[in-house]
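Enquirer: Okay, here's the structure, questions in a sec.
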Amino acid sequence: MNDKKRKMRMTLPKKQEDIQNIVEEISATHTHTDHHHHHAGEANEIMKVIDIFLSAMDTRMTELEEKIDILRKEMIKVYQLFSILVKSMSAKNEDDKISLLKKAVELVG
């Protein structure tokens with residue numbers, strides 16, 4: 001994500017159980033026995049819950065994007081390693097094979 005697109009975030013719950021607790025707390029403040037509903041207040045509460053869920057999803061998405069970037073870099077290493085190993089198998093002399101295998105070890109280490 002671009003820094004321009006990022007918005008300020010609160011520390012949000014990441015576990016489903018914590019999110020469920022928040023929903024239950026909000027639900028507990030609203031009783032259906034009182035028929036004098038304050039629809040604007042209800043809408044605000046619903047919007048707050050939706051905002052919390054969207055923020056949590058945005059946080060999770062950012063974490064996943066970071067993990068994907070790490071995995072992408074590791075896949076590049078795997079392909080580079082594969083290339084080096086193929087070259088070492090087709091090397092004509094032992095010195096070239098040893099040199100390529102050392103290069104492979106450096107890449108892995």
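Following the order of the structure tokens, chains are lettered A, B, ..., residues in each are numbered from 1, and ligands are numbered from 1.
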Do you know which residues are at most 9 Å from segment 22-30 of chain A counting only C-alpha atoms, after dropping those on the same chain fewer than 5 positions away, and could you put them as an mmCIF file with C-alpha atoms, in the first residue's frame?
Expert:
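What landed in out-v1.cif:
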```cif
data_model
loop_
_atom_site.group_PDB
_atom_site.id
_atom_site.type_symbol
_atom_site.label_atom_id
_atom_site.label_comp_id
_atom_site.auth_asym_id
_atom_site.auth_seq_id
_atom_site.Cartn_x
_atom_site.Cartn_y
_atom_site.Cartn_z
ATOM 1 C CA GLU A 17 -12.764 -13.984 20.213
ATOM 2 C CA GLU A 42 -28.188 2.639 16.532
ATOM 3 C CA GLU A 45 -23.168 2.071 16.853
ATOM 4 C CA ILE A 46 -23.476 -0.154 13.789
ATOM 5 C CA VAL A 49 -18.705 -1.861 14.681
#
```
Enquirer: Between atom CA of Lys102 of chain A and atom CA of Met89 of chain A, what is the distance, to one decimal in Å?
Expert: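 Answer for the atom CA of Lys102 of chain A to atom CA of Met89 of chain A separation: 13.2 Å.
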Enquirer: Return the single residue from A:Thr62, A:Arg72, A:Phe53, A:Asn44 that is closest to Gln20 of chain A, with distances computed using only C-alpha atoms.
Expert: A:Phe53
Enquirer: For a test of reading the model, state the distance in Å between atom CA of Met75 of chain A and atom CA of Lys103 of chain A, rounded to one decimal.
Expert: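 A separation of 17.1 Å between them.
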Enquirer: Find the distance between atom CA of Lys73 of chain A and atom CA of Ser55 of chain A and write it in Å to one decimal.
Expert: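 Separating atom CA of Lys73 of chain A from atom CA of Ser55 of chain A is a distance of 27.5 Å.
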